[in-house]
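**Q** One file is attached below, query_13.txt, containing compact mmCIF, C-alpha atoms and all ligand atoms.
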# COMPACT_ATOMS: atom_id res chain seq x y z
CA MET Q 1 -28.81 11.02 0.60
CA ILE Q 2 -30.41 12.33 3.78
CA ILE Q 3 -27.73 13.58 6.16
CA ASP Q 4 -28.17 12.52 9.78
CA HIS Q 5 -26.86 15.62 11.53
CA SER Q 6 -26.77 13.98 14.95
CA ALA Q 7 -24.51 11.22 13.52
CA ILE Q 8 -22.23 13.91 12.04
CA ALA Q 9 -22.14 15.79 15.36
CA HIS Q 10 -21.33 12.58 17.23
CA ALA Q 11 -18.56 11.61 14.78
CA THR Q 12 -17.12 15.14 15.01
CA SER Q 13 -16.93 15.11 18.79
CA LEU Q 14 -15.28 11.69 18.79
CA LEU Q 15 -12.63 12.89 16.30
CA LYS Q 16 -12.01 15.94 18.51
CA GLU Q 17 -11.49 13.60 21.49
CA GLY Q 18 -8.83 11.70 19.53
CA LYS Q 19 -11.06 8.71 18.82
CA LEU Q 20 -11.28 6.66 15.61
CA VAL Q 21 -14.26 7.05 13.28
CA ALA Q 22 -14.79 4.92 10.18
CA ILE Q 23 -15.91 7.19 7.35
CA PRO Q 24 -17.74 6.36 4.14
CA THR Q 25 -16.12 7.60 0.93
CA GLU Q 26 -16.92 6.93 -2.71
CA THR Q 27 -13.91 4.58 -2.99
CA VAL Q 28 -13.72 2.49 0.21
CA TYR Q 29 -14.41 3.11 3.91
CA GLY Q 30 -11.59 4.92 5.71
CA LEU Q 31 -10.43 4.61 9.31
CA GLY Q 32 -10.43 8.27 10.28
CA ALA Q 33 -8.53 10.23 12.92
CA ASP Q 34 -7.73 13.90 13.53
CA ALA Q 35 -4.71 14.39 11.24
CA LEU Q 36 -3.00 16.74 13.71
CA ASN Q 37 -3.41 14.49 16.76
CA THR Q 38 -0.35 12.23 17.00
CA GLU Q 39 -1.92 9.92 19.60
CA ALA Q 40 -5.02 9.41 17.46
CA ILE Q 41 -2.81 8.64 14.45
CA GLN Q 42 -0.90 6.12 16.50
CA LYS Q 43 -4.21 4.39 17.25
CA VAL Q 44 -4.92 4.12 13.51
CA TYR Q 45 -1.66 2.24 12.92
CA THR Q 46 -2.34 -0.03 15.89
CA ALA Q 47 -5.95 -0.79 14.87
CA LYS Q 48 -4.85 -1.71 11.34
CA GLY Q 49 -1.72 -3.56 12.40
CA ARG Q 50 0.07 -1.39 9.86
CA PRO Q 51 3.79 -0.45 9.89
CA SER Q 52 4.34 3.17 10.92
CA THR Q 53 6.39 3.85 7.77
CA ASN Q 54 3.29 3.47 5.62
CA PRO Q 55 1.83 6.98 5.05
CA LEU Q 56 -1.84 7.91 5.49
CA ILE Q 57 -3.99 9.93 3.10
CA ILE Q 58 -5.32 13.17 4.61
CA HIS Q 59 -8.90 13.93 3.64
CA LEU Q 60 -9.94 17.55 3.21
CA ALA Q 61 -13.30 19.36 2.86
CA ASN Q 62 -12.27 21.28 -0.27
CA ALA Q 63 -9.34 22.05 -2.57
CA GLN Q 64 -8.65 25.44 -0.94
CA ALA Q 65 -7.66 23.61 2.28
CA MET Q 66 -4.60 22.22 0.42
CA ILE Q 67 -2.61 25.33 1.47
CA GLU Q 68 -2.90 24.28 5.13
CA TRP Q 69 -1.42 20.83 4.46
CA ALA Q 70 1.06 21.25 1.60
CA ILE Q 71 3.65 23.77 0.44
CA ASP Q 72 5.03 24.68 -3.01
CA ILE Q 73 1.75 23.62 -4.57
CA PRO Q 74 2.21 23.58 -8.36
CA GLU Q 75 -0.41 24.94 -10.75
CA MET Q 76 -1.06 21.38 -11.91
CA ALA Q 77 -2.33 20.44 -8.45
CA TRP Q 78 -5.02 23.13 -8.64
CA LYS Q 79 -5.89 22.04 -12.16
CA LEU Q 80 -6.29 18.38 -11.15
CA ALA Q 81 -8.17 19.32 -7.98
CA LYS Q 82 -10.56 21.48 -9.99
CA ALA Q 83 -11.21 18.65 -12.44
CA PHE Q 84 -11.45 15.69 -10.05
CA TRP Q 85 -12.28 16.85 -6.50
CA PRO Q 86 -14.35 15.84 -4.78
CA GLY Q 87 -13.39 12.47 -6.22
CA PRO Q 88 -11.13 9.42 -6.24
CA LEU Q 89 -7.79 11.19 -6.78
CA THR Q 90 -5.01 11.55 -4.19
CA LEU Q 91 -2.27 14.12 -4.82
CA ILE Q 92 1.20 13.76 -3.33
CA LEU Q 93 2.72 17.16 -2.53
CA PRO Q 94 5.49 18.54 -0.27
CA LYS Q 95 4.15 18.41 3.28
CA HIS Q 96 3.37 21.55 5.31
CA PRO Q 97 5.69 21.79 8.36
CA ARG Q 98 2.75 21.81 10.80
CA VAL Q 99 1.73 18.27 9.82
CA PRO Q 100 3.17 15.65 12.18
CA PHE Q 101 5.56 13.21 10.51
CA CYS Q 102 3.66 10.25 11.96
CA ALA Q 103 0.74 11.11 9.63
CA THR Q 104 2.99 10.85 6.58
CA GLY Q 105 4.95 7.75 7.61
CA ASN Q 106 8.01 10.01 8.08
CA GLN Q 107 7.81 11.26 4.50
CA ALA Q 108 8.48 14.92 3.68
CA SER Q 109 5.51 14.63 1.32
CA ILE Q 110 1.80 14.28 2.00
CA GLY Q 111 -1.14 12.56 0.28
CA LEU Q 112 -4.28 14.72 0.05
CA ARG Q 113 -7.75 14.11 -1.28
CA VAL Q 114 -11.30 15.49 -1.12
CA PRO Q 115 -13.66 12.48 -1.02
CA ASN Q 116 -16.90 12.50 -2.99
CA HIS Q 117 -19.39 11.31 -0.41
CA PRO Q 118 -22.05 13.55 1.18
CA LEU Q 119 -21.47 12.20 4.71
CA ALA Q 120 -17.67 12.43 4.48
CA LEU Q 121 -17.96 16.02 3.23
CA ALA Q 122 -20.50 16.91 5.93
CA LEU Q 123 -18.16 15.45 8.56
CA LEU Q 124 -15.09 17.23 7.15
CA ASN Q 125 -16.94 20.55 7.07
CA ASN Q 126 -18.28 20.13 10.59
CA PHE Q 127 -14.95 18.92 11.98
CA GLY Q 128 -13.10 21.78 10.29
CA GLY Q 129 -9.75 19.99 10.00
CA GLY Q 130 -8.08 17.22 8.05
CA ILE Q 131 -9.00 13.58 8.63
CA ALA Q 132 -6.19 11.07 8.23
CA ALA Q 133 -7.79 7.90 6.91
CA PRO Q 134 -6.28 4.77 5.47
CA SER Q 135 -8.68 2.12 4.20
CA ALA Q 136 -10.51 0.65 7.22
CA ASN Q 137 -9.18 -2.90 6.89
CA ARG Q 138 -6.52 -4.89 8.70
CA TYR Q 139 -3.08 -4.52 7.12
CA ARG Q 140 -2.90 -6.26 3.71
CA LYS Q 141 -6.52 -7.43 3.82
CA ILE Q 142 -9.44 -6.54 1.57
CA SER Q 143 -10.60 -2.91 1.75
CA PRO Q 144 -14.13 -2.46 3.15
CA THR Q 145 -16.89 -1.14 0.92
CA THR Q 146 -19.76 -1.45 3.43
CA PRO Q 147 -20.13 -0.69 7.18
CA GLU Q 148 -20.45 -4.45 7.80
CA HIS Q 149 -17.03 -5.02 6.21
CA VAL Q 150 -15.54 -2.41 8.58
CA ARG Q 151 -17.03 -4.25 11.56
CA GLU Q 152 -15.71 -7.54 10.25
CA GLU Q 153 -12.20 -6.06 9.83
CA LEU Q 154 -11.83 -3.87 12.89
CA GLY Q 155 -14.47 -4.88 15.44
CA ASN Q 156 -14.16 -2.82 18.60
CA SER Q 157 -10.95 -1.07 17.63
CA VAL Q 158 -13.02 1.54 15.79
CA ASP Q 159 -14.99 3.84 18.13
CA TYR Q 160 -17.78 4.65 15.68
CA ILE Q 161 -18.81 3.81 12.12
CA LEU Q 162 -20.48 6.59 10.19
CA GLU Q 163 -22.79 4.52 8.00
CA GLY Q 164 -23.04 5.78 4.43
CA GLY Q 165 -24.14 2.75 2.45
CA PRO Q 166 -22.04 0.78 -0.05
CA CYS Q 167 -19.17 2.63 -1.75
CA GLN Q 168 -19.95 3.61 -5.34
CA VAL Q 169 -16.45 3.43 -6.88
CA GLY Q 170 -15.40 0.39 -4.86
CA ILE Q 171 -11.61 0.52 -5.37
CA GLU Q 172 -9.15 3.01 -3.89
CA SER Q 173 -8.25 6.42 -5.28
CA THR Q 174 -5.71 6.94 -8.03
CA ILE Q 175 -2.53 8.36 -6.46
CA VAL Q 176 -0.57 10.93 -8.47
CA SER Q 177 2.73 12.30 -7.22
CA LEU Q 178 3.36 15.94 -8.14
CA LEU Q 179 6.75 16.08 -6.39
CA ASP Q 180 8.37 15.93 -9.80
CA THR Q 181 6.74 15.46 -13.20
CA PRO Q 182 3.30 13.92 -12.58
CA ARG Q 183 3.51 10.25 -11.93
CA ILE Q 184 0.81 7.69 -11.20
CA LEU Q 185 1.80 5.76 -8.07
CA ARG Q 186 -1.41 3.73 -7.78
CA GLN Q 187 -4.10 3.17 -10.36
CA GLY Q 188 -7.63 3.65 -9.11
CA GLY Q 189 -10.90 5.48 -9.52
CA ILE Q 190 -9.55 8.08 -12.02
CA SER Q 191 -8.13 6.66 -15.24
CA ALA Q 192 -4.80 7.60 -16.84
CA GLU Q 193 -6.76 8.86 -19.87
CA ALA Q 194 -8.83 11.22 -17.73
CA LEU Q 195 -5.63 12.59 -16.15
CA THR Q 196 -4.03 12.97 -19.58
CA GLU Q 197 -7.00 14.95 -20.81
CA VAL Q 198 -6.73 17.48 -17.99
CA LEU Q 199 -2.93 17.71 -17.87
CA GLY Q 200 -2.55 17.90 -21.64
CA PHE Q 201 0.11 15.17 -21.53
CA LYS Q 202 0.39 11.61 -20.31
CA PRO Q 203 1.58 11.29 -16.70
CA SER Q 204 4.32 8.74 -16.22
CA ASN Q 205 3.08 5.50 -14.81
CA GLN Q 206 4.88 3.77 -12.02
CA ASP Q 207 3.83 0.39 -13.20
CA LYS Q 208 3.89 -3.06 -11.73
CA LYS Q 209 6.74 -4.45 -9.65
CA PRO Q 210 9.35 -1.65 -9.55
CA SER Q 211 6.81 0.72 -7.99
CA LEU Q 212 6.14 -1.66 -5.17
CA ILE Q 213 9.56 -1.08 -3.75
CA GLN Q 214 9.72 2.67 -4.20
CA VAL Q 215 6.25 3.64 -3.02
CA PRO Q 216 6.02 3.48 0.73
CA GLY Q 217 3.24 1.26 1.89
CA GLN Q 218 2.62 -0.53 -1.37
CA SER Q 219 3.74 -4.05 -0.69
CA ASP Q 220 3.03 -6.64 -3.34
CA VAL Q 221 0.60 -8.81 -1.37
CA HIS Q 222 -2.25 -6.49 -0.56
CA TYR Q 223 -6.05 -6.34 -0.72
CA ALA Q 224 -5.84 -10.07 -0.24
CA PRO Q 225 -8.36 -12.70 0.85
CA SER Q 226 -7.02 -15.28 3.30
CA LYS Q 227 -7.50 -18.13 0.81
CA PRO Q 228 -5.16 -18.61 -2.14
CA LEU Q 229 -6.48 -16.76 -5.19
CA TYR Q 230 -5.41 -17.60 -8.74
CA ILE Q 231 -6.09 -15.56 -11.87
CA VAL Q 232 -6.91 -17.84 -14.79
CA ASP Q 233 -7.71 -17.29 -18.47
CA LYS Q 234 -10.74 -19.55 -18.36
CA PRO Q 235 -12.44 -20.60 -15.13
CA ASP Q 236 -13.16 -24.06 -16.47
CA GLN Q 237 -9.41 -24.53 -17.01
CA ASN Q 238 -8.98 -25.18 -13.33
CA PRO Q 239 -5.28 -25.92 -12.75
CA PHE Q 240 -6.13 -28.03 -9.69
CA TYR Q 241 -9.03 -29.88 -11.25
CA SER Q 242 -7.47 -33.26 -10.90
CA THR Q 243 -6.87 -32.85 -7.17
CA GLN Q 244 -10.62 -32.54 -6.47
CA ARG Q 245 -10.01 -29.84 -3.88
CA SER Q 246 -13.04 -27.62 -3.38
CA TYR Q 247 -12.91 -24.13 -4.83
CA SER Q 248 -14.97 -21.11 -5.78
CA VAL Q 249 -15.01 -18.99 -8.90
CA MET Q 250 -15.62 -15.44 -10.10
CA ALA Q 251 -16.13 -15.37 -13.85
CA PHE Q 252 -17.88 -13.42 -16.59
CA GLY Q 253 -20.06 -16.21 -17.88
CA PRO Q 254 -22.73 -18.35 -16.21
CA LYS Q 255 -21.91 -21.41 -14.14
CA PRO Q 256 -21.45 -24.37 -16.51
CA GLN Q 257 -24.12 -27.09 -16.37
CA ASP Q 258 -21.49 -29.79 -15.93
CA ALA Q 259 -19.60 -28.02 -13.10
CA PRO Q 260 -17.76 -30.51 -10.86
CA SER Q 261 -19.16 -31.14 -7.39
CA CYS Q 262 -16.04 -29.65 -5.77
CA LEU Q 263 -17.06 -26.23 -7.12
CA SER Q 264 -18.69 -24.52 -4.13
CA THR Q 265 -19.63 -21.02 -5.33
CA TRP Q 266 -19.78 -19.35 -8.73
CA ILE Q 267 -20.07 -15.57 -8.88
CA ARG Q 268 -20.94 -14.03 -12.22
CA ALA Q 269 -19.08 -10.72 -12.44
CA SER Q 270 -20.15 -7.69 -14.46
CA SER Q 271 -18.45 -7.10 -17.80
CA ASP Q 272 -18.65 -3.34 -17.17
CA PRO Q 273 -15.41 -2.27 -15.40
CA ILE Q 274 -17.20 0.47 -13.40
CA ILE Q 275 -19.65 -2.05 -11.94
CA TYR Q 276 -16.96 -4.74 -11.59
CA ALA Q 277 -14.86 -2.34 -9.48
CA ARG Q 278 -17.86 -1.41 -7.32
CA GLU Q 279 -18.57 -5.07 -6.55
CA LEU Q 280 -15.03 -6.49 -6.51
CA TYR Q 281 -14.14 -6.33 -2.80
CA ALA Q 282 -17.57 -7.53 -1.63
CA TYR Q 283 -17.29 -10.48 -4.03
CA LEU Q 284 -13.76 -11.29 -2.84
CA ARG Q 285 -15.12 -11.42 0.71
CA ILE Q 286 -17.94 -13.77 -0.32
CA LEU Q 287 -15.43 -16.03 -2.09
CA ASP Q 288 -13.15 -15.94 0.93
CA HIS Q 289 -16.04 -17.07 3.19
CA ALA Q 290 -17.32 -19.69 0.72
CA PRO Q 291 -16.55 -23.35 1.53
CA GLY Q 292 -13.86 -23.66 -1.19
CA GLU Q 293 -10.19 -24.17 -0.35
CA TYR Q 294 -9.07 -21.69 -2.98
CA ILE Q 295 -10.44 -19.06 -5.37
CA LEU Q 296 -10.22 -18.82 -9.17
CA VAL Q 297 -10.83 -15.46 -10.84
CA GLU Q 298 -11.24 -15.20 -14.60
CA SER Q 299 -8.83 -12.62 -15.96
CA PRO Q 300 -10.66 -9.46 -17.14
CA PRO Q 301 -9.93 -8.07 -20.63
CA LEU Q 302 -6.41 -6.67 -21.06
CA GLN Q 303 -7.70 -3.19 -21.79
CA GLU Q 304 -6.75 0.14 -20.28
CA ASN Q 305 -10.13 0.68 -18.60
CA TRP Q 306 -9.52 -2.55 -16.62
CA TRP Q 307 -6.03 -1.61 -15.44
CA ALA Q 308 -6.88 -0.61 -11.88
CA ILE Q 309 -8.86 -3.84 -11.52
CA HIS Q 310 -5.96 -5.92 -12.88
CA ASP Q 311 -3.73 -4.20 -10.34
CA ARG Q 312 -6.02 -5.11 -7.41
CA LEU Q 313 -6.53 -8.69 -8.61
CA LYS Q 314 -2.78 -9.20 -8.96
CA ARG Q 315 -2.21 -7.93 -5.45
CA ALA Q 316 -4.95 -10.25 -4.16
CA SER Q 317 -3.49 -13.22 -5.96
CA THR Q 318 -1.06 -15.89 -4.93
CA THR Q 319 0.60 -15.97 -8.34
CA TYR Q 320 1.70 -12.33 -8.23
O1 LIG I 1 -9.43 5.72 -1.84
C1 LIG I 1 -8.55 5.85 -1.01
O2 LIG I 1 -7.48 6.39 -1.27
C2 LIG I 1 -8.84 5.33 0.41
C3 LIG I 1 -9.98 6.17 1.02
C4 LIG I 1 -10.24 5.83 2.45
O3 LIG I 1 -9.67 7.53 0.86
N1 LIG I 1 -7.66 5.35 1.21
C5 LIG I 1 -6.62 4.51 1.03
O4 LIG I 1 -5.64 4.65 1.99
O5 LIG I 1 -6.56 3.71 0.14
P1 LIG I 1 -4.49 3.58 2.24
O6 LIG I 1 -3.80 4.03 3.47
O7 LIG I 1 -5.07 2.24 2.27
O8 LIG I 1 -3.52 3.78 1.05
C6 LIG I 1 -2.81 4.98 1.00
C7 LIG I 1 -1.58 4.82 0.19
C8 LIG I 1 -0.36 4.40 1.01
O9 LIG I 1 -0.27 3.02 1.14
C9 LIG I 1 0.78 4.96 0.17
O10 LIG I 1 1.11 4.04 -0.82
C10 LIG I 1 0.14 6.18 -0.48
O11 LIG I 1 -1.21 6.13 -0.24
N2 LIG I 1 0.68 7.44 0.09
C11 LIG I 1 0.14 8.22 1.05
N3 LIG I 1 0.95 9.26 1.31
C12 LIG I 1 2.02 9.12 0.52
C13 LIG I 1 3.22 9.87 0.33
N4 LIG I 1 3.48 10.95 1.04
N5 LIG I 1 4.09 9.42 -0.60
C14 LIG I 1 3.83 8.31 -1.34
N6 LIG I 1 2.73 7.57 -1.19
C15 LIG I 1 1.83 7.96 -0.28
MG MG I 2 -5.38 0.30 2.03
Let me see the structure of the file written as structure tokens.

**A**
Amino acid sequence: MIIDHSAIAHATSLLKEGKLVAIPTETVYGLGADALNTEAIQKVYTAKGRPSTNPLIIHLANAQAMIEWAIDIPEMAWKLAKAFWPGPLTLILPKHPRVPFCATGNQASIGLRVPNHPLALALLNNFGGGIAAPSANRYRKISPTTPEHVREELGNSVDYILEGGPCQVGIESTIVSLLDTPRILRQGGISAEALTEVLGFKPSNQDKKPSLIQVPGQSDVHYAPSKPLYIVDKPDQNPFYSTQRSYSVMAFGPKPQDAPSCLSTWIRASSDPIIYARELYAYLRILDHAPGEYILVESPPLQENWWAIHDRLKRASTTY
């Protein structure tokens, strides 16, 4: 990717002025602010419509910068950082006292990650500090994976969008807490198997519903389109078929020849979980804008490499 240095310089000066800059990452676009500027952080919460108890992830230029943001960093953090940064892994560590509590939603811990995107890294290096960035969507809505999605979500409440193309991973980072024994708080771009390989043991997995209460900022309805979304075993087993209400579908197979006229849009999803994740949020937006009254999504295979996708679909769904 060719780096537009004037765009990086512009984004840097805006961050230094306490403005909000949407940044491309490999997972989703983030709504970035200077992580040490409490007023700028306040603006992030306002722009998203997000409760102030919901902590932000602080993005860093490299692993070495961890010592400026966290304390009591265990050996495991360096090991994971070495294996996965830059990349879609967020580590939860005890927060450094210099970090304002508003950046961590009043937590004594902090979420840190080095994103794997050339423009994000160029910006972080040029800015020289940490960038607090939640996903650049309105609270509980679908995370943006293109600059257009950011505009659609946030309009004028973001001062500048650093355009870095579509996100390659497409779903958010995996979050691992290292406050105690390693524990996965959110599934994402790095699989549990990959973590196990590096750690030498399986991290505990804060799975499904119980986690939603204990992890700040992970409410059960999240990443959601505005239309009702139902996960079904087979898309032609439409539970509302008899009502003749219009609907749209995302499924693995082709659109059936004898599809009813109330079917408005049929998206054929990839059967490769890497590609499915990359396309998921853009497809959910298309389905949300399609003429249907509700959305049916065919359940992906119940296999470990689809877990992060199952998690996002459940949060997007009405049946969850
Ligand atoms: O891939 C990603 O992680 C994207 C890109 C922009 O980096 N960011 C992202 O941020 O997904 P956000 O704000 O949408 O989700 C961050 C989540 C919070 O909702 C919370 O669950 C968790 O990270 N988190 C952050 N700091 C935490 C902490 N100190 N303790 C527990 N959970 C924390
Ligand atoms: Mg988010």

**Q** Do you have, as CSV, the list of residues of chain Q lying at most 7 Å from ligand MG 2 (chain I), each with its nearest atom pair and that distance in Å to one decimal, counting all atoms listed in the file and ordered by chain then number?

**A**
residue,atom,partner,partner_atom,distance
Q:Pro134,CA,I:MG2,MG,5.7
Q:Ser135,CA,I:MG2,MG,4.3
Q:Asn137,CA,I:MG2,MG,6.9
Q:Ser143,CA,I:MG2,MG,6.1

**Q** Counting all atoms listed in the file, which residues of chain Q sit at most 8 Å from some atom of ligand LIG 1 (chain I), and what is each one's closest atom pair with its distance in Å to one decimal, listed by chain and rising residue number, as CSV?

**A**
residue,atom,partner,partner_atom,distance
Q:Ile23,CA,I:LIG1,C4,7.6
Q:Pro24,CA,I:LIG1,C4,7.7
Q:Thr25,CA,I:LIG1,C3,6.3
Q:Glu26,CA,I:LIG1,O1,7.6
Q:Thr27,CA,I:LIG1,O1,4.8
Q:Val28,CA,I:LIG1,C3,5.3
Q:Tyr29,CA,I:LIG1,C4,5.2
Q:Gly30,CA,I:LIG1,C4,3.6
Q:Leu31,CA,I:LIG1,C4,7.0
Q:Asn54,CA,I:LIG1,O9,5.7
Q:Pro55,CA,I:LIG1,N3,4.5
Q:Leu56,CA,I:LIG1,O6,4.8
Q:Ile57,CA,I:LIG1,C11,4.9
Q:His59,CA,I:LIG1,O3,7.0
Q:Pro88,CA,I:LIG1,O1,6.0
Q:Leu89,CA,I:LIG1,O2,7.3
Q:Thr90,CA,I:LIG1,O2,6.4
Q:Ile92,CA,I:LIG1,N4,5.7
Q:Leu93,CA,I:LIG1,N4,7.2
Q:Pro94,CA,I:LIG1,N4,8.0
Q:Lys95,CA,I:LIG1,N4,7.8
Q:Thr104,CA,I:LIG1,N4,5.6
Q:Gly105,CA,I:LIG1,N4,7.5
Q:Gln107,CA,I:LIG1,N4,5.6
Q:Ala108,CA,I:LIG1,N4,6.9
Q:Ser109,CA,I:LIG1,N4,4.2
Q:Ile110,CA,I:LIG1,N4,3.9
Q:Gly111,CA,I:LIG1,N3,4.0
Q:Leu112,CA,I:LIG1,N3,7.7
Q:Arg113,CA,I:LIG1,O3,7.2
Q:Pro115,CA,I:LIG1,O3,6.6
Q:Ala133,CA,I:LIG1,C4,5.5
Q:Pro134,CA,I:LIG1,O6,3.3
Q:Ser135,CA,I:LIG1,O7,4.1
Q:Ala136,CA,I:LIG1,C4,7.0
Q:Ser143,CA,I:LIG1,O7,7.6
Q:Ile171,CA,I:LIG1,O1,6.7
Q:Glu172,CA,I:LIG1,O1,3.4
Q:Ser173,CA,I:LIG1,O1,3.7
Q:Thr174,CA,I:LIG1,O2,7.0
Q:Ile175,CA,I:LIG1,O11,6.7
Q:Ser177,CA,I:LIG1,C14,7.2
Q:Leu185,CA,I:LIG1,N6,7.2
Q:Arg186,CA,I:LIG1,O10,7.4
Q:Gly188,CA,I:LIG1,O1,7.8
Q:Gly189,CA,I:LIG1,O1,7.8
Q:Val215,CA,I:LIG1,C14,5.5
Q:Pro216,CA,I:LIG1,O10,5.2
Q:Gly217,CA,I:LIG1,O9,4.0
Q:Gln218,CA,I:LIG1,O10,4.8

**Q** Counting only C-alpha atoms, note down every residue that has an atom within 12 Å of the point (-18.8, 2.2, -13.6) (file coordinates), as a PyMOL selection string.

**A** chain Q and resi 27+167-171+189-191+270-280+305-306+309

**Q** Using all atoms listed in the file, which of the listed residues (Q:His117, Q:Lys19, Q:His5, Q:His222) sits closest to Ala35 of chain Q?

**A**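 Once distances to Ala35 of chain Q are computed over all atoms listed in the file, the minimum belongs to Q:Lys19.
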
**Q** Rounded to one decimal in Å, what is the spacing between atom CA of Leu287 of chain Q and atom CA of Arg50 of chain Q?

**A**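 The value is 24.4 Å.
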
**Q** Rank Q:Pro144, Q:Gly129, Q:Pro182, Q:Gly165 by their smallest atom-to-atom distance to Glu75 of chain Q, using only C-alpha atoms, and report the top residue only.

**A**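 Under the stated criterion, the closest residue is Q:Pro182.
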
**Q** Smallest atom-to-atom distance to Leu195 of chain Q: which of Q:Tyr247, Q:Trp78, Q:Phe84, Q:Tyr45, using all atoms listed in the file?

**A**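 The closest residue to Leu195 of chain Q is Q:Phe84.
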
**Q** List the neighbours of Arg138 of chain Q out to 8 Å using only C-alpha atoms; skip same-chain residues closer than 2 positions along the sequence, and give me the result as a PyMOL selection string.

**A** chain Q and resi 47-50+136+140-142+153-154

**Q** Hey, can you check how far atom CA of Ala103 of chain Q sits from atom CA of Ala40 of chain Q?

**A**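 Atom-to-atom, atom CA of Ala103 of chain Q to atom CA of Ala40 of chain Q, that is 9.9 Å.
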
**Q** Measure the distance from atom CA of Asp288 of chain Q to atom CA of Ala132 of chain Q in Å and round it to one decimal.

**A** 28.8 Å

**Q** Draw an axis-aligned box over all listed atoms of segment 16-21 of chain Q, pad each side with 6 Å, and write its centre and edge lengths in Å, one decimal, as lines of an AutoDock Vina configuration file.

**A**
center_x = -11.5
center_y = 11.3
center_z = 17.4
size_x = 17.4
size_y = 21.3
size_z = 20.2

**Q** Compile the contact shell of Leu20 of chain Q as a CSV table (one decimal) with C-alpha atoms, in the coordinates of the input: residues with an atom at most 6 Å away, counting all atoms listed in the file, same-chain residues fewer than 2 positions apart removed.

**A**
chain,number,residue,atom,x,y,z
Q,32,GLY,CA,-10.4,8.3,10.3
Q,33,ALA,CA,-8.5,10.2,12.9
Q,158,VAL,CA,-13.0,1.5,15.8
Q,159,ASP,CA,-15.0,3.8,18.1

**Q** My list of candidates is Q:Arg268, Q:Thr196, Q:Asn205, Q:Leu91. Which is closest to Pro74 of chain Q when distances are computed with all atoms listed in the file?

**A**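 The shortest atom-to-atom distance to Pro74 of chain Q comes from Q:Leu91.
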
**Q** Counting only C-alpha atoms, which of Q:Gln257, Q:Asn37, Q:Gln303, Q:Ser264 gets nearest to Arg245 of chain Q?

**A**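 Once distances to Arg245 of chain Q are computed over only C-alpha atoms, the minimum belongs to Q:Ser264.
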
**Q** With distances taken over all atoms listed in the file, which of Q:Met76, Q:Val114, Q:Leu284, Q:Ala65 is nearest to Phe201 of chain Q?

**A**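 That would be Q:Met76, the residue with the smallest distance to Phe201 of chain Q.
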
**Q** For a quick check of your reading of the model, name the residues lying within 9 Å of the coordinate (0.3, 18.1, 9.3), counting only C-alpha atoms, and write them as a ChimeraX atom specification.

**A** /Q:35-36,58,68-70,95-104,110,130

**Q** Using all atoms listed in the file, which residues sit within 7 Å of Ile161 of chain Q once same-chain residues fewer than 4 positions away are excluded, as a list in words?

**A**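 Returned residues: Val21, Ala22, Ile23 and Pro147 of chain Q.
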